[in-house]
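Text of my_file.csv (CSV, C-alpha atoms and all ligand atoms) as supplied:
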```csv
chain,number,residue,atom,x,y,z
D,27,MET,CA,-12.3,-23.2,9.5
D,28,ASP,CA,-11.5,-27.0,10.1
D,29,ASP,CA,-8.2,-27.1,8.2
D,30,LYS,CA,-7.0,-23.8,9.6
D,31,THR,CA,-4.5,-23.2,12.4
D,32,MET,CA,-4.7,-20.2,14.6
D,33,VAL,CA,-1.5,-18.3,15.3
D,34,THR,CA,-1.2,-15.1,17.4
D,35,VAL,CA,-0.3,-11.9,15.8
D,36,ALA,CA,3.0,-11.9,17.8
D,37,GLU,CA,3.8,-15.5,16.7
D,38,LEU,CA,3.3,-14.6,13.0
D,39,GLY,CA,5.4,-11.5,13.5
D,40,ARG,CA,8.3,-13.5,14.9
D,41,MET,CA,8.0,-16.1,12.1
D,42,VAL,CA,8.1,-13.5,9.3
D,43,GLU,CA,10.9,-11.6,11.0
D,44,SER,CA,13.0,-14.7,11.3
D,45,ILE,CA,12.5,-15.5,7.6
D,46,PHE,CA,13.8,-12.1,6.6
D,47,MET,CA,16.7,-12.3,9.1
D,48,ARG,CA,17.6,-15.7,7.7
D,49,ALA,CA,17.5,-14.4,4.2
D,50,GLY,CA,20.2,-11.8,5.1
D,51,PHE,CA,18.2,-8.7,5.9
D,52,ASN,CA,19.6,-6.5,8.7
D,53,ALA,CA,17.4,-6.2,11.8
D,54,GLN,CA,16.2,-2.7,10.9
D,55,GLN,CA,14.9,-4.0,7.6
D,56,ALA,CA,13.6,-7.3,8.8
D,57,VAL,CA,11.7,-5.9,11.8
D,58,ALA,CA,10.0,-3.2,9.7
D,59,ILE,CA,9.1,-5.6,6.8
D,60,ALA,CA,7.7,-8.2,9.2
D,61,ARG,CA,5.6,-5.7,11.0
D,62,ILE,CA,3.9,-4.5,7.8
D,63,ILE,CA,3.3,-8.0,6.4
D,64,THR,CA,2.0,-9.2,9.8
D,65,ALA,CA,-0.3,-6.2,10.0
D,66,ALA,CA,-1.8,-7.0,6.6
D,67,GLU,CA,-2.4,-10.6,7.5
D,68,ARG,CA,-3.9,-9.5,10.8
D,69,ASP,CA,-6.3,-7.1,9.0
D,70,GLY,CA,-7.4,-9.6,6.4
D,71,ALA,CA,-5.5,-7.7,3.7
D,72,LYS,CA,-4.3,-11.0,2.3
D,73,SER,CA,-3.0,-9.6,-1.0
D,74,HIS,CA,-0.2,-7.8,1.0
D,75,GLY,CA,0.3,-10.4,3.8
D,76,ILE,CA,2.5,-13.5,3.8
D,77,TYR,CA,1.7,-14.0,0.1
D,78,ARG,CA,4.2,-11.2,-0.5
D,79,ILE,CA,7.1,-12.9,1.2
D,80,GLU,CA,8.3,-14.9,-1.7
D,81,GLY,CA,8.2,-11.9,-4.0
D,82,CYS,CA,10.4,-10.0,-1.6
D,83,LEU,CA,12.8,-12.9,-1.4
D,84,ARG,CA,12.8,-13.2,-5.2
D,85,THR,CA,13.6,-9.5,-5.4
D,86,LEU,CA,16.5,-10.0,-3.1
D,87,ALA,CA,17.8,-13.0,-5.1
D,88,ALA,CA,17.6,-10.9,-8.3
D,89,GLY,CA,19.8,-8.3,-6.6
D,90,LYS,CA,17.0,-5.7,-6.9
D,91,VAL,CA,16.8,-4.8,-3.2
D,92,LEU,CA,19.6,-4.2,-0.7
D,93,ALA,CA,19.3,-6.4,2.4
D,94,HIS,CA,21.7,-4.2,4.4
D,95,ALA,CA,20.1,-0.9,3.4
D,96,ARG,CA,20.5,1.9,6.0
D,97,PRO,CA,17.9,4.6,5.3
D,98,GLU,CA,19.2,8.2,5.8
D,99,LEU,CA,17.1,11.1,7.1
D,100,ILE,CA,17.7,14.5,5.4
D,101,ASP,CA,16.0,17.2,7.4
D,102,GLU,CA,16.7,20.9,6.9
D,103,GLY,CA,13.9,22.0,9.2
D,104,SER,CA,11.5,22.8,6.4
D,105,GLY,CA,8.1,21.3,5.6
D,106,VAL,CA,9.7,18.8,3.3
D,107,ILE,CA,11.5,15.9,5.0
D,108,ARG,CA,13.4,13.4,3.0
D,109,VAL,CA,14.5,9.8,3.7
D,110,LEU,CA,16.9,8.1,1.3
D,111,ALA,CA,15.9,4.5,1.5
D,112,ASP,CA,19.3,3.3,0.2
D,113,GLY,CA,17.7,0.7,-2.1
D,114,GLY,CA,16.0,-1.1,0.8
D,115,PHE,CA,12.3,-1.9,1.2
D,116,SER,CA,10.1,1.1,2.1
D,117,PRO,CA,9.0,0.2,5.7
D,118,ALA,CA,12.3,0.9,7.4
D,119,ALA,CA,12.5,4.3,5.6
D,120,LEU,CA,9.1,5.1,6.8
D,121,ASP,CA,10.0,4.2,10.4
D,122,LEU,CA,12.8,6.7,10.2
D,123,GLY,CA,10.8,9.5,8.7
D,124,LEU,CA,7.4,9.2,10.5
D,125,PRO,CA,8.3,10.8,13.9
D,126,VAL,CA,9.9,13.8,12.1
D,127,LEU,CA,6.9,14.1,9.7
D,128,THR,CA,4.5,14.0,12.7
D,129,ALA,CA,6.4,16.6,14.7
D,130,ARG,CA,6.8,18.9,11.7
D,131,ALA,CA,3.1,18.7,10.7
D,132,GLU,CA,2.1,19.5,14.3
D,133,LYS,CA,4.4,22.5,14.2
D,134,LEU,CA,3.7,23.9,10.7
D,135,GLY,CA,0.2,22.5,10.1
D,136,LEU,CA,1.4,20.7,7.0
D,137,ALA,CA,4.5,18.7,6.2
D,138,ALA,CA,5.6,16.1,3.6
D,139,LEU,CA,7.8,13.1,3.8
D,140,VAL,CA,9.6,12.2,0.6
D,141,ILE,CA,11.0,8.7,0.4
D,142,ASN,CA,13.5,8.1,-2.4
D,143,ASP,CA,15.2,5.0,-3.7
D,144,CYS,CA,12.9,2.5,-1.9
D,145,VAL,CA,11.8,-0.9,-3.1
D,146,HIS,CA,8.0,-1.1,-2.7
D,147,TYR,CA,5.7,-4.1,-2.2
D,148,SER,CA,3.4,-2.9,0.6
D,149,ALA,CA,-0.1,-1.5,1.1
D,150,LEU,CA,-0.2,2.2,2.1
D,151,TRP,CA,-2.9,2.1,4.8
D,152,PRO,CA,-0.5,1.3,7.7
D,153,GLU,CA,1.4,4.5,6.9
D,154,VAL,CA,-1.6,6.9,6.9
D,155,GLU,CA,-3.2,5.1,9.8
D,156,ALA,CA,-0.1,5.7,11.8
D,157,LEU,CA,-0.4,9.5,11.2
D,158,ALA,CA,-4.1,9.5,12.1
D,159,GLU,CA,-3.4,7.7,15.3
D,160,ARG,CA,-1.3,10.7,16.2
D,161,GLY,CA,-4.1,13.1,15.4
D,162,LEU,CA,-3.1,14.1,11.9
D,163,ALA,CA,-4.8,13.6,8.5
D,164,GLY,CA,-2.5,11.7,6.1
D,165,LEU,CA,-2.4,11.2,2.3
D,166,ALA,CA,0.1,8.8,0.8
D,167,MET,CA,0.8,7.8,-2.8
D,168,CYS,CA,3.4,6.0,-4.9
D,169,PRO,CA,3.9,4.9,-8.5
D,170,SER,CA,4.5,1.3,-9.3
D,171,TYR,CA,5.6,-0.2,-12.6
D,172,ALA,CA,3.9,0.4,-16.0
D,173,ALA,CA,1.0,-2.0,-16.2
D,174,VAL,CA,-2.0,0.3,-16.8
D,175,ALA,CA,-3.0,2.1,-20.1
D,176,PRO,CA,-4.1,5.7,-19.7
D,177,ALA,CA,-7.8,6.2,-20.6
D,178,GLY,CA,-8.0,6.4,-24.4
D,179,GLY,CA,-4.5,4.8,-24.7
D,180,VAL,CA,-3.6,1.2,-25.7
D,181,ARG,CA,-0.4,0.3,-23.9
D,182,PRO,CA,0.9,0.0,-20.3
D,183,LEU,CA,2.3,3.3,-19.1
D,184,LEU,CA,0.9,4.1,-15.7
D,185,GLY,CA,1.3,2.0,-12.5
D,186,THR,CA,-1.5,0.7,-10.4
D,187,ASN,CA,-0.6,3.7,-8.3
D,188,PRO,CA,-2.2,3.4,-4.9
D,189,ILE,CA,-3.6,6.4,-2.9
D,190,ALA,CA,-4.3,6.1,0.8
D,191,PHE,CA,-6.0,8.7,3.1
D,192,ALA,CA,-6.6,8.7,6.8
D,193,TRP,CA,-8.5,11.0,9.1
D,194,PRO,CA,-8.1,11.0,12.9
D,195,ARG,CA,-11.1,10.3,15.1
D,196,ALA,CA,-11.2,11.0,18.8
D,197,ALA,CA,-13.4,8.1,19.9
D,198,ALA,CA,-13.0,5.6,17.1
D,199,ALA,CA,-10.3,4.1,14.9
D,200,PRO,CA,-9.2,6.4,12.1
D,201,TYR,CA,-11.2,6.6,8.8
D,202,VAL,CA,-8.9,5.1,6.3
D,203,PHE,CA,-9.1,4.3,2.6
D,204,ASP,CA,-6.4,2.8,0.5
D,205,LEU,CA,-7.0,2.0,-3.2
D,206,ALA,CA,-5.2,1.2,-6.4
D,207,THR,CA,-6.1,3.5,-9.2
D,208,SER,CA,-6.4,0.6,-11.6
D,209,ALA,CA,-9.8,-1.2,-12.1
D,210,ALA,CA,-8.2,-4.3,-10.6
D,211,ALA,CA,-4.8,-5.5,-9.4
D,212,ARG,CA,-2.7,-7.6,-11.8
D,213,GLY,CA,-2.8,-10.3,-9.2
D,214,GLU,CA,-6.6,-10.5,-9.4
D,215,ILE,CA,-6.4,-11.0,-13.1
D,216,GLU,CA,-3.8,-13.7,-12.7
D,217,LEU,CA,-6.1,-15.5,-10.3
D,218,LEU,CA,-9.0,-15.4,-12.8
D,219,ALA,CA,-6.6,-16.6,-15.6
D,220,ARG,CA,-5.6,-19.6,-13.5
D,221,ALA,CA,-9.2,-20.4,-12.8
D,222,GLY,CA,-10.1,-20.0,-16.5
D,223,LYS,CA,-12.6,-17.4,-15.7
D,224,PRO,CA,-13.5,-14.3,-17.8
D,225,LEU,CA,-12.7,-10.7,-16.7
D,226,PRO,CA,-15.4,-8.2,-16.0
D,227,GLN,CA,-15.8,-5.6,-18.8
D,228,GLY,CA,-13.5,-2.6,-18.3
D,229,TRP,CA,-10.6,-4.3,-16.6
D,230,ALA,CA,-8.2,-4.8,-19.4
D,231,LEU,CA,-7.1,-4.4,-23.0
D,232,ASP,CA,-5.4,-7.1,-25.1
D,233,ALA,CA,-2.0,-6.7,-26.8
D,234,GLU,CA,-3.7,-4.9,-29.7
D,235,GLY,CA,-5.3,-2.4,-27.4
D,236,THR,CA,-8.8,-3.8,-27.8
D,237,PRO,CA,-11.0,-4.2,-24.7
D,238,THR,CA,-11.0,-7.9,-23.6
D,239,THR,CA,-12.7,-10.1,-21.0
D,240,ASP,CA,-10.1,-12.9,-21.7
D,241,ALA,CA,-7.8,-13.0,-18.6
D,242,ASP,CA,-4.7,-14.3,-20.5
D,243,ALA,CA,-5.2,-11.7,-23.2
D,244,GLY,CA,-5.5,-9.0,-20.5
D,245,LEU,CA,-2.2,-10.1,-18.9
D,246,ALA,CA,-0.5,-9.8,-22.3
D,247,GLY,CA,-2.0,-6.4,-22.8
D,248,ALA,CA,-2.7,-3.7,-20.3
D,249,LEU,CA,-4.9,-3.1,-17.2
D,250,LEU,CA,-7.3,-0.2,-17.3
D,251,PRO,CA,-7.7,2.6,-14.7
D,252,PHE,CA,-10.8,2.6,-12.5
D,253,GLY,CA,-13.5,5.0,-13.4
D,254,GLY,CA,-12.1,5.7,-16.9
D,255,HIS,CA,-10.6,9.2,-17.4
D,256,LYS,CA,-11.1,10.0,-13.7
D,257,GLY,CA,-8.9,7.1,-12.4
D,258,SER,CA,-6.5,7.8,-15.3
D,259,ALA,CA,-6.1,11.4,-14.1
D,260,LEU,CA,-5.5,10.4,-10.5
D,261,ALA,CA,-2.9,7.8,-11.5
D,262,THR,CA,-1.2,10.5,-13.6
D,263,MET,CA,-1.2,12.8,-10.6
D,264,VAL,CA,0.6,10.1,-8.6
D,265,GLU,CA,3.2,9.8,-11.3
D,266,LEU,CA,3.7,13.6,-11.2
D,267,LEU,CA,3.7,14.1,-7.4
D,268,ALA,CA,5.3,10.9,-6.2
D,269,GLY,CA,7.5,10.3,-9.2
D,270,ALA,CA,8.6,13.4,-11.2
D,271,MET,CA,8.2,16.0,-8.4
D,272,ILE,CA,10.2,14.1,-5.8
D,273,GLY,CA,13.0,13.5,-8.3
D,274,ASP,CA,12.4,9.8,-8.5
D,275,LEU,CA,11.2,7.2,-11.1
D,276,THR,CA,7.8,7.1,-12.9
D,277,SER,CA,6.1,3.7,-13.3
D,278,GLN,CA,7.5,3.5,-16.9
D,279,SER,CA,11.1,4.2,-15.8
D,280,ALA,CA,10.7,1.8,-12.8
D,281,LEU,CA,9.7,-1.0,-15.2
D,282,ASP,CA,12.5,-0.1,-17.6
D,283,GLU,CA,15.0,-0.4,-14.8
D,284,LEU,CA,13.5,-3.6,-13.4
D,285,GLY,CA,12.7,-5.3,-16.6
D,286,SER,CA,10.2,-7.6,-15.0
D,287,LEU,CA,6.7,-7.6,-13.5
D,288,ASP,CA,7.6,-10.4,-11.1
D,289,LEU,CA,9.8,-8.4,-8.8
D,290,ALA,CA,9.1,-5.5,-6.5
D,291,PRO,CA,9.9,-2.2,-8.2
D,292,ARG,CA,12.2,0.6,-7.0
D,293,HIS,CA,10.9,4.1,-6.9
D,294,GLY,CA,9.8,6.8,-4.4
D,295,GLU,CA,6.8,7.6,-2.3
D,296,LEU,CA,5.2,10.8,-1.0
D,297,ILE,CA,3.4,11.1,2.3
D,298,LEU,CA,1.6,14.3,3.3
D,299,ALA,CA,0.5,15.1,6.9
D,300,PHE,CA,-2.0,17.7,7.9
D,301,SER,CA,-3.0,19.0,11.3
D,302,PRO,CA,-6.8,19.6,11.2
D,303,ALA,CA,-6.5,21.6,14.5
D,304,ARG,CA,-4.0,24.0,12.8
D,305,PHE,CA,-6.0,24.3,9.5
D,306,ALA,CA,-9.2,25.2,11.4
D,307,ALA,CA,-7.5,27.4,14.0
D,308,GLY,CA,-9.7,30.4,14.9
D,309,ARG,CA,-12.7,29.0,13.0
D,310,PRO,CA,-16.0,28.4,14.8
D,311,ALA,CA,-16.5,24.9,13.4
D,312,ASP,CA,-14.6,22.0,14.9
D,313,PRO,CA,-13.2,19.7,12.3
D,314,GLN,CA,-13.8,16.6,14.5
D,315,VAL,CA,-17.4,17.5,15.1
D,316,GLN,CA,-18.0,18.1,11.4
D,317,ALA,CA,-16.3,14.9,10.4
D,318,GLU,CA,-18.3,12.8,12.9
D,319,ALA,CA,-21.5,14.3,11.6
D,320,LEU,CA,-20.5,13.2,8.1
D,321,PHE,CA,-19.6,9.7,9.1
D,322,ASP,CA,-22.9,9.4,11.1
D,323,ALA,CA,-24.8,10.5,8.1
D,324,MET,CA,-23.1,8.0,5.8
D,325,LEU,CA,-23.6,5.1,8.3
D,326,GLY,CA,-27.2,6.3,8.8
D,327,GLN,CA,-27.8,5.6,5.0
D,328,GLY,CA,-26.6,2.1,5.4
D,329,ALA,CA,-23.2,2.8,3.8
D,330,ARG,CA,-20.1,1.4,5.5
D,331,LEU,CA,-16.9,3.3,6.0
D,332,PRO,CA,-13.7,2.2,4.2
D,333,GLY,CA,-11.5,0.4,6.7
D,334,GLN,CA,-14.4,-1.2,8.5
D,335,ARG,CA,-13.8,-4.6,7.0
D,336,ARG,CA,-10.1,-4.5,8.0
D,337,LEU,CA,-10.8,-3.3,11.5
D,338,ALA,CA,-13.3,-6.1,12.0
D,339,ALA,CA,-10.7,-8.6,10.8
D,340,ARG,CA,-8.1,-7.0,13.2
D,341,ALA,CA,-10.5,-7.3,16.2
D,342,ARG,CA,-11.0,-11.0,15.3
D,343,ALA,CA,-7.3,-11.7,14.9
D,344,GLU,CA,-6.4,-10.0,18.2
D,345,ALA,CA,-9.1,-12.0,20.0
D,346,GLU,CA,-8.8,-15.3,18.3
D,347,GLY,CA,-5.5,-15.3,16.4
D,348,ILE,CA,-4.9,-15.3,12.6
D,349,ALA,CA,-6.3,-18.3,10.8
D,350,LEU,CA,-3.7,-19.8,8.4
D,351,ASP,CA,-4.4,-22.8,6.1
D,352,ALA,CA,-2.0,-25.7,5.7
D,353,ALA,CA,-0.4,-24.3,2.6
D,354,GLU,CA,0.4,-21.0,4.3
D,355,LEU,CA,1.8,-22.8,7.3
D,356,ALA,CA,3.9,-25.1,5.1
D,357,LEU,CA,5.2,-22.0,3.3
D,358,LEU,CA,6.2,-20.3,6.5
D,359,ASP,CA,7.8,-23.4,7.8
D,360,ARG,CA,9.8,-24.0,4.6
D,361,LEU,CA,11.0,-20.4,4.4
D,362,GLN,CA,12.1,-20.4,8.1
D,363,ARG,CA,14.4,-23.4,7.3
D,364,GLU,CA,15.6,-22.5,3.8
R,401,LIG,P1,-10.1,-2.4,-2.6
R,401,LIG,O1,-10.8,-2.0,-3.9
R,401,LIG,O2,-10.4,-3.8,-2.1
R,401,LIG,O3,-10.5,-1.4,-1.5
R,401,LIG,C1,-10.2,0.0,-1.6
R,401,LIG,C2,-10.8,0.8,-0.4
R,401,LIG,O4,-12.2,0.8,-0.5
R,401,LIG,C3,-10.4,0.1,0.9
R,401,LIG,O5,-10.0,1.1,1.8
R,401,LIG,C4,-11.7,-0.6,1.3
R,401,LIG,O6,-11.8,-0.7,2.7
R,401,LIG,C5,-12.7,0.3,0.7
R,401,LIG,N1,-14.0,-0.3,0.4
R,401,LIG,C6,-14.1,-1.5,-0.2
R,401,LIG,N2,-15.4,-1.8,-0.4
R,401,LIG,C7,-16.1,-0.8,0.2
R,401,LIG,C8,-17.5,-0.5,0.5
R,401,LIG,N3,-18.4,-1.3,0.0
R,401,LIG,N4,-17.8,0.6,1.1
R,401,LIG,C9,-16.9,1.5,1.6
R,401,LIG,N5,-15.5,1.2,1.4
R,401,LIG,C10,-15.2,0.1,0.8
R,401,LIG,O7,-8.6,-2.2,-2.7
R,401,LIG,P2,-7.6,-2.2,-4.0
R,401,LIG,O8,-7.7,-3.5,-4.7
R,401,LIG,O9,-7.9,-1.0,-4.9
R,401,LIG,O10,-6.2,-2.0,-3.3
R,401,LIG,C11,-5.7,-3.1,-2.5
R,401,LIG,C12,-4.4,-2.7,-1.9
R,401,LIG,O11,-3.3,-2.8,-2.8
R,401,LIG,C13,-4.2,-1.3,-1.2
R,401,LIG,O12,-3.9,-1.5,0.1
R,401,LIG,C14,-3.1,-0.7,-2.0
R,401,LIG,O13,-2.2,0.1,-1.2
R,401,LIG,C15,-2.4,-1.9,-2.5
R,401,LIG,N6,-1.5,-1.6,-3.7
R,401,LIG,C16,-0.2,-1.4,-3.6
R,401,LIG,C17,0.6,-1.1,-4.7
R,401,LIG,C18,2.0,-0.8,-4.5
R,401,LIG,O14,2.7,-0.6,-5.5
R,401,LIG,N7,2.6,-0.9,-3.4
R,401,LIG,C19,0.0,-1.0,-6.0
R,401,LIG,C20,-1.5,-1.1,-6.0
R,401,LIG,C21,-2.2,-1.4,-4.9
R,401,LIG,P3,-11.6,-2.2,3.4
R,401,LIG,O15,-10.2,-2.5,3.4
R,401,LIG,O16,-12.2,-2.0,4.8
R,401,LIG,O17,-12.4,-3.1,2.6
```
Could you take the file, read its structure, and then write that structure out as structure tokens?
Amino acid sequence: MDDKTMVTVAELGRMVESIFMRAGFNAQQAVAIARIITAAERDGAKSHGIYRIEGCLRTLAAGKVLAHARPELIDEGSGVIRVLADGGFSPAALDLGLPVLTARAEKLGLAALVINDCVHYSALWPEVEALAERGLAGLAMCPSYAAVAPAGGVRPLLGTNPIAFAWPRAAAAPYVFDLATSAAARGEIELLARAGKPLPQGWALDAEGTPTTDADAGLAGALLPFGGHKGSALATMVELLAGAMIGDLTSQSALDELGSLDLAPRHGELILAFSPARFAAGRPADPQVQAEALFDAMLGQGARLPGQRRLAARARAEAEGIALDAAELALLDRLQRE
């Protein structure tokens, strides 16, 4: 910890927001982006924290995201609510849609938020966590860009397609998982390539479609889904529900439009919200009691719940601040002045 500097969550939020304002984003976009990046850093989700800022700014410089995007809500009163993100980053679109999604799920028991035309760089857990904090179960998913070969295939076709789920708990923080459907993120393979280290078996294929443990060969080839055909099927479901079904791009078409793996892709996202109270109405069993019994049994076996690591990091950050190293501080400093 010696070479680390502590900054408060609020201080980091202000720094990140000022970087995006200075880069030309309108306040609606900058505030929403900064909140999500700061939350990731606070929760020790480093892969989606300040590390992402330069990628967002590169995407802006390449003209692949609209700094002045004004998301538009389209709500016809049904269970499907739509936000057109106007080519901006997804967080501002989510901010607009979330209150309507929450109210509609409470009323109907089940509702969906479709986000179209957004540029996506973020983790999905903040989105479902926000639903669970309002007493709803949430399920979010989005495609990405083609980087993953389907099980049995040889070339990139699917995205790393994250799926996140949250369950509300009366006396504890929500149960939340958020996972990529690839065996590993491309970024992890890049880090191993830089360090000259081999990949674990089952992470990647080379350009000829042959399994490889050579990180550079894997980067030139394709990632593999987690869990073989099972992860492949889940990633395909994400392409269908959060790409084709919502009238937006699949990972292949997102890559075709973007032409690069170095920028944030543009596509859609699907967020489902469920009211456990409404689903179990009239039944003798209480969903909350059943859920807590399940969590207790898991913990009783020595398992940990997904989200526990993040929540512990959050508690530390809120008590002591976020520890940033010299390179991270220099980056923030430079970007605030550029
Ligand atoms: P991990 O494999 O690190 O973790 C996946 C989930 O499993 C987390 O909820 C984690 O909780 C939980 N978990 C990890 N270890 C255990 C354990 N031992 N016991 C119980 N639960 C555990 O995440 P991924 O690498 O798959 O994904 C990282 C992030 O990347 C996600 O936030 C995802 O949204 C994001 N992503 C975004 C994409 C995009 O296009 N926008 C594309 C792909 C990924 P915990 O956090 O507490 O460790």
Can you pull out every residue with an atom within 8 Å of ligand LIG 401 (chain R)? Use only C-alpha atoms and all ligand atoms and format it as a ChimeraX atom specification. /D:71,73-74,146-151,168-171,185-190,202-211,291,329-337
Is it possible to get the residues within 7 Å of (-14.9, -14.2, -21.9) (coordinates as in the file, counting all atoms listed in the file) written as number ranges by chain? D: 224-225, 239-240
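The smallest atom-to-atom distance between Ala173 (chain D) and any of D:Asp288, D:Glu344, D:Asp359, D:Glu364, using all atoms listed in the file, is found for D:Asp288.
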Using all atoms listed in the file, which residues sit within 12 Å of Gly222 (chain D) once same-chain residues fewer than 6 positions away are excluded, as a list in words? Ile215, Glu216, Thr239, Asp240, Ala241, Asp242 and Ala243 of chain D
For the residues selected in the previous step, produce a file with C-alpha atoms as an mmCIF file, in the frame of the given file.
```
data_model
loop_
_atom_site.group_PDB
_atom_site.id
_atom_site.type_symbol
_atom_site.label_atom_id
_atom_site.label_comp_id
_atom_site.auth_asym_id
_atom_site.auth_seq_id
_atom_site.Cartn_x
_atom_site.Cartn_y
_atom_site.Cartn_z
ATOM 1 C CA ILE D 215 -6.400 -11.000 -13.100
ATOM 2 C CA GLU D 216 -3.800 -13.700 -12.700
ATOM 3 C CA THR D 239 -12.700 -10.100 -21.000
ATOM 4 C CA ASP D 240 -10.100 -12.900 -21.700
ATOM 5 C CA ALA D 241 -7.800 -13.000 -18.600
ATOM 6 C CA ASP D 242 -4.700 -14.300 -20.500
ATOM 7 C CA ALA D 243 -5.200 -11.700 -23.200
#
```
Quote the spacing between CA of Ala246 (chain D) and CA of Ser258 (chain D) in Å to one decimal place. 19.9 Å
Pairwise distance for CA of Leu249 (chain D) and CA of Glu234 (chain D), rounded to one decimal in Å: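 Atom-to-atom, CA of Leu249 (chain D) to CA of Glu234 (chain D), that is 12.7 Å.
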Do you know which residues are at most 12 Å from Leu136 (chain D) counting only C-alpha atoms, after dropping those on the same chain fewer than 2 positions away, and could you put them as a PDB file with C-alpha atoms, keeping the file's coordinate frame?
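File result.pdb, as written:
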```pdb
ATOM      1  CA  SER D 104      11.500  22.800   6.400  1.00  0.00           C
ATOM      2  CA  GLY D 105       8.100  21.300   5.600  1.00  0.00           C
ATOM      3  CA  VAL D 106       9.700  18.800   3.300  1.00  0.00           C
ATOM      4  CA  ILE D 107      11.500  15.900   5.000  1.00  0.00           C
ATOM      5  CA  LEU D 127       6.900  14.100   9.700  1.00  0.00           C
ATOM      6  CA  THR D 128       4.500  14.000  12.700  1.00  0.00           C
ATOM      7  CA  ALA D 129       6.400  16.600  14.700  1.00  0.00           C
ATOM      8  CA  ARG D 130       6.800  18.900  11.700  1.00  0.00           C
ATOM      9  CA  ALA D 131       3.100  18.700  10.700  1.00  0.00           C
ATOM     10  CA  GLU D 132       2.100  19.500  14.300  1.00  0.00           C
ATOM     11  CA  LYS D 133       4.400  22.500  14.200  1.00  0.00           C
ATOM     12  CA  LEU D 134       3.700  23.900  10.700  1.00  0.00           C
ATOM     13  CA  ALA D 138       5.600  16.100   3.600  1.00  0.00           C
ATOM     14  CA  LEU D 139       7.800  13.100   3.800  1.00  0.00           C
ATOM     15  CA  LEU D 162      -3.100  14.100  11.900  1.00  0.00           C
ATOM     16  CA  ALA D 163      -4.800  13.600   8.500  1.00  0.00           C
ATOM     17  CA  GLY D 164      -2.500  11.700   6.100  1.00  0.00           C
ATOM     18  CA  LEU D 165      -2.400  11.200   2.300  1.00  0.00           C
ATOM     19  CA  ILE D 297       3.400  11.100   2.300  1.00  0.00           C
ATOM     20  CA  LEU D 298       1.600  14.300   3.300  1.00  0.00           C
ATOM     21  CA  ALA D 299       0.500  15.100   6.900  1.00  0.00           C
ATOM     22  CA  PHE D 300      -2.000  17.700   7.900  1.00  0.00           C
ATOM     23  CA  SER D 301      -3.000  19.000  11.300  1.00  0.00           C
ATOM     24  CA  PRO D 302      -6.800  19.600  11.200  1.00  0.00           C
ATOM     25  CA  ALA D 303      -6.500  21.600  14.500  1.00  0.00           C
ATOM     26  CA  ARG D 304      -4.000  24.000  12.800  1.00  0.00           C
ATOM     27  CA  PHE D 305      -6.000  24.300   9.500  1.00  0.00           C
TER      28      PHE D 305
END
```
Please indicate the distance in Å from CA of Pro194 (chain D) to CA of Glu159 (chain D), rounded to one decimal place. 6.2 Å
Given only C-alpha atoms as the counted atoms, nearest of D:Asp232, D:Glu214, D:Glu265, D:Asp351 to Leu296 (chain D):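 Of the candidates, the smallest distance to Leu296 (chain D) is held by D:Glu265.
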Restricting the calculation to all atoms listed in the file: of D:Ala118, D:Leu83, D:Val126, D:Val91, which residue gets closest to Ala49 (chain D)? D:Leu83
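Using all atoms listed in the file, the contacts of Ile45 (chain D) at a cut-off of 9 Å, with sequence neighbours closer than 2 positions omitted, comprise Arg40, Met41, Val42, Glu43, Met47, Arg48, Ala49, Gly50, Ala56, Ala60, Ile79, Leu358, Leu361, Gln362, Arg363 and Glu364 of chain D.
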Given all atoms listed in the file as the basis, pick out the residue of D:Leu355, D:Glu153, D:Pro182, D:Asp143 nearest to Gly269 (chain D). D:Asp143
Which residue of D:Glu354, D:Asp121, D:Glu102, D:Glu283 approaches Gln54 (chain D) most closely, using only C-alpha atoms: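 Of the candidates, the smallest distance to Gln54 (chain D) is held by D:Asp121.
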Of the residues D:Lys72, D:Ala341, D:Ala119, D:Gly347, which is the one nearest to Gly213 (chain D), using all atoms listed in the file?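 Of all the options, D:Lys72 lies closest to Gly213 (chain D).
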Using 8 Å as the limit and counting only C-alpha atoms, can you tabulate each residue of region 112-135 of chain D that touches region 98-101 of chain D, with its shortest atom-to-atom distance in Å and the two atoms involved, as a tab-separated table?
```
residue	atom	partner	partner_atom	distance
D:Asp112	CA	D:Glu98	CA	7.4
D:Ala119	CA	D:Glu98	CA	7.8
D:Leu122	CA	D:Leu99	CA	6.9
D:Gly123	CA	D:Leu99	CA	6.7
```
